[in-house]
Amino acid sequence: MIFWRRSLPVLITFVLGVTFALQYYVPLPASEALLSGVSVWNQIIAAFAAILGVTSLLHVHYTKIRRKEAGWGYSVVLYLSMLATLVVGFWSGGESENSAFGWLYNYILVALSSTMFSILAFFVASAAYRAFRARSLEATILLAAAVFVMFGRVPLGEYLVSGVGQISDWIMSVPNTAARRGIIIGISLGGIATSIKIIFGIERAYLGGGRD
Amino acid sequence: MNDFARRMLSLDRRLIFLLIAVVTLLPLLYPFRLPIRVSPEAQKIYDYIESLPEGSVFLLSLDFDPSSKPELYPMSIALLRHAFRKNLKVVGMTLWITGTSMAESVIAGVAQESGKEKGKDYIFLGYAPGGANVIISMGQDLYAAFPTDYYGVKTAELPMLKEVRTLRDIQYAISLSAGSPGVETWYVYGKEKYGFELGGGCTAVSAPGLYPLIDTGQINGLLGGLRGAAEYETLVGVPGKATAGMDAQSATHFLIIFLIMVCNLLYFLTGQEGRRRG
């Protein structure tokens, strides 16, 4: 059993990992054809992963409802919403134009998603009032930068203080870019290290737990 | 004084919510229409589209869902108006399943307004699962990545795609993204390998993260949030919802700055004891 659960997946990962790392540097027709074939397969697998995701979601919420855990009512809402969307979607033949499915999309999904996102403005304002304090030198610098950017990114700020827009642009394209670049380099090095560990079978967490 | 400052610091947040609602609503009802300065990042995108010859293929990937509609939808409209005005051939698509209907409606809507014909002047490929894999697949064979367009027509039979077999045949691509997959995915798996020029548009919250890509030339320009959309509307010369929303954004930013100032003033007024309590 250990061969099927551990050795084979590690072997497949190693062979495909090395092959496609090298494929990038081999611009031959056979190499390109290999990439084409595999990318289509990846799309097919991604579609099945969506089914797996929905199944997993339904299972998690079914358990919540069965055990009557805190907030199980929301899980019932999830089941009803998903069922309603599926029924209406099939009934409308997947058509979104002038159909019940389109109505669900435009007047429920769009409205709910926009509401969730717009609530952010209220919470950001409240959080800024409560927590954005100059407690230290670093916090003061961050606060000053935030005020300049907020001031300079809107027409009213530029209208009241000429040149503040350029200061805001400078903050975004110099200190912000430098900090962000450092983060990107760190993340990239971490990504490369993790990829190498996965390809060579050192990192096996993706195989999950359970019995061998 | 200390007591007053402490009471003010623990102000009922519903009052702040009310203030935000008022300062957002008032400028929408009574706009003051201040001029919008165009940033160099937005100007570069505009200039690049201007420099494309008629008939060039322009790919617009609308990688967002309805939650980012207020920021990215006006951006899509302004970009499409510009592309259609320049008589570019537009390929629309999305990597976000929940954005498919919205993406279709914006492309079809602006195309109709510009008198463009589906299949000949523009196409909408719709959604395909896989994120980065879709881009790689399109780079290898667009017909395999999208065997049919959103309306069920075989991509290989579309007149507009006769000479577009892979991403290498595209002159310019822009990803309007609210996260991942988005601009970075298009750069890593698309531009870097298949060599087309790439521009980006994103929500205001993710704009600071994409600035490093501009300096290095990984993207040739960036439209950031509602401000970016308003800048592009200004460049195209057709003010829309983004321009209208800038007054509300101005007022909201000023209120937040005011709240931060007041909060810090009160914080210092509470003295050392209050600061220790935090």
# chains A, B, ... in the order shown; residues from 1 in each chain; ligands from 1
$ closest_atom_pairs --of "chain A" --to "chain B" --cutoff "6 Å" --atoms "only C-alpha atoms" --output "Markdown table"
| residue | atom | partner | partner_atom | distance |
| --- | --- | --- | --- | --- |
| A:Ser36 | CA | B:Gln140 | CA | 5.4 |
| A:Ser39 | CA | B:Ser137 | CA | 5.2 |
| A:Gln43 | CA | B:Gly130 | CA | 4.9 |
| A:Ala46 | CA | B:Gly130 | CA | 5.1 |
| A:Ala47 | CA | B:Pro129 | CA | 5.7 |
| A:Val110 | CA | B:Pro66 | CA | 4.9 |
| A:Ser113 | CA | B:Ser67 | CA | 4.4 |
| A:Ser114 | CA | B:Ser67 | CA | 4.3 |
| A:Phe117 | CA | B:Ser67 | CA | 5.6 |
| A:Phe122 | CA | B:Phe17 | CA | 5.4 |
| A:Ala125 | CA | B:Ile256 | CA | 5.7 |
| A:Tyr129 | CA | B:Ile260 | CA | 5.3 |
| A:Arg133 | CA | B:Asn264 | CA | 5.6 |
| A:Met150 | CA | B:His253 | CA | 5.9 |
| A:Val154 | CA | B:Ser250 | CA | 5.1 |
| A:Pro155 | CA | B:Ile36 | CA | 5.7 |
| A:Leu156 | CA | B:Ser250 | CA | 5.6 |
| A:Thr177 | CA | B:Pro212 | CA | 5.1 |
$ select_by_dssp --residues "range 34-257 of chain B" --states "strand (DSSP E or B)" --output "PyMOL selection string"
chain B and resi 57-63+89-94+118+122-127+148+154+172-177+197-202+222-224
$ write_last_selection --atoms "C-alpha atoms" --output "CSV table (one decimal), in the first residue's frame"
chain,number,residue,atom,x,y,z
B,57,VAL,CA,-5.7,42.1,-31.7
B,58,PHE,CA,-6.4,43.3,-28.2
B,59,LEU,CA,-7.2,40.8,-25.4
B,60,LEU,CA,-9.1,42.0,-22.4
B,61,SER,CA,-9.3,39.5,-19.5
B,62,LEU,CA,-11.9,40.6,-17.0
B,63,ASP,CA,-10.6,38.7,-14.0
B,89,LYS,CA,-10.1,43.4,-32.8
B,90,VAL,CA,-11.2,42.7,-29.3
B,91,VAL,CA,-10.9,39.2,-27.6
B,92,GLY,CA,-12.8,39.2,-24.3
B,93,MET,CA,-12.5,36.5,-21.6
B,94,THR,CA,-12.5,35.9,-17.9
B,118,LYS,CA,-19.9,39.9,-32.9
B,122,TYR,CA,-15.0,41.2,-31.2
B,123,ILE,CA,-15.5,37.8,-29.6
B,124,PHE,CA,-16.2,36.8,-26.0
B,125,LEU,CA,-14.5,33.5,-25.1
B,126,GLY,CA,-16.2,33.2,-21.7
B,127,TYR,CA,-14.7,31.3,-18.8
B,148,THR,CA,-16.1,27.3,-28.5
B,154,LYS,CA,-16.5,27.0,-32.7
B,172,TYR,CA,-1.7,43.8,-26.5
B,173,ALA,CA,-3.4,42.2,-23.5
B,174,ILE,CA,-4.8,43.8,-20.4
B,175,SER,CA,-6.0,42.0,-17.3
B,176,LEU,CA,-8.4,43.8,-15.0
B,177,SER,CA,-8.1,41.8,-11.9
B,197,GLU,CA,2.8,43.4,-24.3
B,198,LEU,CA,0.7,43.5,-21.1
B,199,GLY,CA,-1.1,46.2,-19.1
B,200,GLY,CA,-2.9,45.9,-15.9
B,201,GLY,CA,-5.9,47.2,-14.0
B,202,CYS,CA,-6.8,46.4,-10.4
B,222,LEU,CA,-1.5,50.2,-14.5
B,223,LEU,CA,-5.0,51.5,-13.7
B,224,GLY,CA,-5.5,51.5,-10.0
$ atom_distance --atom1 "CA of Gly157 in chain A" --atom2 "CA of Leu28 in chain B"
17.7 Å
$ select_by_dssp --residues "chain A" --states "alpha helix (DSSP H)" --output "ChimeraX atom specification"
/A:2,8-23,29-67,72-91,100-104,110-131,137-152,155-160,164-173,175-199
$ closest_residue --among "B:Leu80, B:Leu29, B:Leu161, B:Ile49" --to "Glu233 in chain B" --atoms "only C-alpha atoms"
B:Leu80
$ atom_distance --atom1 "CA of Ser7 in chain A" --atom2 "CA of Leu207 in chain A"
10.4 Å
$ closest_residue --among "B:Gly152, B:Pro159, B:Gly195, B:Gly240" --to "Ile219 in chain B" --atoms "only C-alpha atoms"
B:Gly195
$ residues_around --residues "range 160-173 of chain A" --least-positions-apart "4" --cutoff "6 Å" --atoms "only C-alpha atoms" --output "compact mmCIF listing (two decimals) with N, CA and C atoms, in the first residue's frame"
# COMPACT_ATOMS: atom_id res chain seq x y z
N PHE A 148 -0.71 61.15 3.29
CA PHE A 148 -0.28 61.75 2.01
C PHE A 148 -0.90 61.03 0.82
N VAL A 149 -0.90 59.70 0.87
CA VAL A 149 -1.45 58.92 -0.26
C VAL A 149 -2.95 59.16 -0.38
N GLY A 152 -3.41 62.66 -1.69
CA GLY A 152 -2.95 62.89 -3.06
C GLY A 152 -3.62 62.05 -4.12
N THR A 177 7.26 50.57 -3.63
CA THR A 177 7.79 49.58 -4.57
C THR A 177 8.98 48.83 -3.98
$ residues_around --residues "Pro9 in chain A" --least-positions-apart "6" --cutoff "12 Å" --atoms "only C-alpha atoms" --output "list of chain:residue names"
A:Ile2, A:Phe3, A:Val15, A:Leu16, A:Gly17, A:Ile198, A:Ile199, A:Phe200, A:Gly201, A:Arg204, A:Ala205, A:Tyr206, A:Leu207, A:Gly208
$ write_last_selection --atoms "C-alpha atoms" --output "short mmCIF file (atom, residue, chain, number, x, y, z; two decimals), in the first residue's frame"
data_model
loop_
_atom_site.label_atom_id
_atom_site.label_comp_id
_atom_site.auth_asym_id
_atom_site.auth_seq_id
_atom_site.Cartn_x
_atom_site.Cartn_y
_atom_site.Cartn_z
CA ILE A 2 2.84 2.38 0.77
CA PHE A 3 3.83 2.27 -2.91
CA VAL A 15 9.26 13.01 -13.14
CA LEU A 16 6.74 15.75 -14.08
CA GLY A 17 8.49 18.42 -11.99
CA ILE A 198 8.30 18.89 -3.30
CA ILE A 199 9.98 17.68 -6.54
CA PHE A 200 12.63 15.77 -4.59
CA GLY A 201 10.11 14.30 -2.15
CA ARG A 204 5.25 15.55 1.42
CA ALA A 205 2.52 17.43 3.26
CA TYR A 206 0.48 17.60 0.01
CA LEU A 207 0.03 13.83 0.21
CA GLY A 208 -2.12 14.32 3.31
#
$ closest_residue --among "A:Leu80, A:Ala100, A:Ile12, A:Tyr105" --to "Ile97 in chain B" --atoms "only C-alpha atoms"
A:Tyr105
$ atom_distance --atom1 "CA of Asn98 in chain A" --atom2 "CA of Val153 in chain B"
19.9 Å
$ decode --residues "range 190-206 of chain B" --atoms "N, CA and C atoms" --output "PDB file, in the first residue's frame"
ATOM      1  N   GLY B 190       1.942  34.181 -19.203  1.00  0.00           N
ATOM      2  CA  GLY B 190       1.591  34.644 -20.539  1.00  0.00           C
ATOM      3  C   GLY B 190       2.669  35.475 -21.192  1.00  0.00           C
ATOM      4  N   LYS B 191       2.800  36.709 -20.743  1.00  0.00           N
ATOM      5  CA  LYS B 191       3.725  37.640 -21.404  1.00  0.00           C
ATOM      6  C   LYS B 191       5.159  37.116 -21.401  1.00  0.00           C
ATOM      7  N   GLU B 192       5.577  36.600 -20.279  1.00  0.00           N
ATOM      8  CA  GLU B 192       6.969  36.184 -20.120  1.00  0.00           C
ATOM      9  C   GLU B 192       7.338  35.112 -21.147  1.00  0.00           C
ATOM     10  N   LYS B 193       6.375  34.224 -21.445  1.00  0.00           N
ATOM     11  CA  LYS B 193       6.680  33.124 -22.376  1.00  0.00           C
ATOM     12  C   LYS B 193       6.276  33.453 -23.815  1.00  0.00           C
ATOM     13  N   TYR B 194       5.134  34.121 -23.976  1.00  0.00           N
ATOM     14  CA  TYR B 194       4.608  34.279 -25.337  1.00  0.00           C
ATOM     15  C   TYR B 194       4.841  35.670 -25.933  1.00  0.00           C
ATOM     16  N   GLY B 195       5.423  36.556 -25.135  1.00  0.00           N
ATOM     17  CA  GLY B 195       5.980  37.791 -25.681  1.00  0.00           C
ATOM     18  C   GLY B 195       5.057  38.913 -26.102  1.00  0.00           C
ATOM     19  N   PHE B 196       3.785  38.900 -25.694  1.00  0.00           N
ATOM     20  CA  PHE B 196       2.914  40.039 -26.044  1.00  0.00           C
ATOM     21  C   PHE B 196       3.075  41.127 -24.984  1.00  0.00           C
ATOM     22  N   GLU B 197       2.675  42.344 -25.308  1.00  0.00           N
ATOM     23  CA  GLU B 197       2.753  43.435 -24.330  1.00  0.00           C
ATOM     24  C   GLU B 197       1.562  43.319 -23.387  1.00  0.00           C
ATOM     25  N   LEU B 198       1.794  43.649 -22.119  1.00  0.00           N
ATOM     26  CA  LEU B 198       0.747  43.468 -21.100  1.00  0.00           C
ATOM     27  C   LEU B 198       0.554  44.728 -20.273  1.00  0.00           C
ATOM     28  N   GLY B 199      -0.714  45.057 -20.030  1.00  0.00           N
ATOM     29  CA  GLY B 199      -1.055  46.159 -19.127  1.00  0.00           C
ATOM     30  C   GLY B 199      -1.938  45.611 -18.019  1.00  0.00           C
ATOM     31  N   GLY B 200      -2.127  46.382 -16.969  1.00  0.00           N
ATOM     32  CA  GLY B 200      -2.926  45.878 -15.853  1.00  0.00           C
ATOM     33  C   GLY B 200      -3.896  46.894 -15.310  1.00  0.00           C
ATOM     34  N   GLY B 201      -4.949  46.378 -14.717  1.00  0.00           N
ATOM     35  CA  GLY B 201      -5.911  47.208 -13.996  1.00  0.00           C
ATOM     36  C   GLY B 201      -6.301  46.421 -12.756  1.00  0.00           C
ATOM     37  N   CYS B 202      -6.494  47.108 -11.650  1.00  0.00           N
ATOM     38  CA  CYS B 202      -6.808  46.362 -10.429  1.00  0.00           C
ATOM     39  C   CYS B 202      -7.588  47.235  -9.455  1.00  0.00           C
ATOM     40  N   THR B 203      -8.039  46.619  -8.384  1.00  0.00           N
ATOM     41  CA  THR B 203      -8.744  47.367  -7.342  1.00  0.00           C
ATOM     42  C   THR B 203      -7.713  48.222  -6.597  1.00  0.00           C
ATOM     43  N   ALA B 204      -8.171  49.286  -5.949  1.00  0.00           N
ATOM     44  CA  ALA B 204      -7.241  50.200  -5.268  1.00  0.00           C
ATOM     45  C   ALA B 204      -6.427  49.462  -4.211  1.00  0.00           C
ATOM     46  N   VAL B 205      -7.074  48.497  -3.559  1.00  0.00           N
ATOM     47  CA  VAL B 205      -6.392  47.812  -2.466  1.00  0.00           C
ATOM     48  C   VAL B 205      -5.211  46.959  -2.956  1.00  0.00           C
ATOM     49  N   SER B 206      -5.273  46.488  -4.204  1.00  0.00           N
ATOM     50  CA  SER B 206      -4.153  45.657  -4.677  1.00  0.00           C
ATOM     51  C   SER B 206      -3.156  46.442  -5.533  1.00  0.00           C
TER      52      SER B 206
END
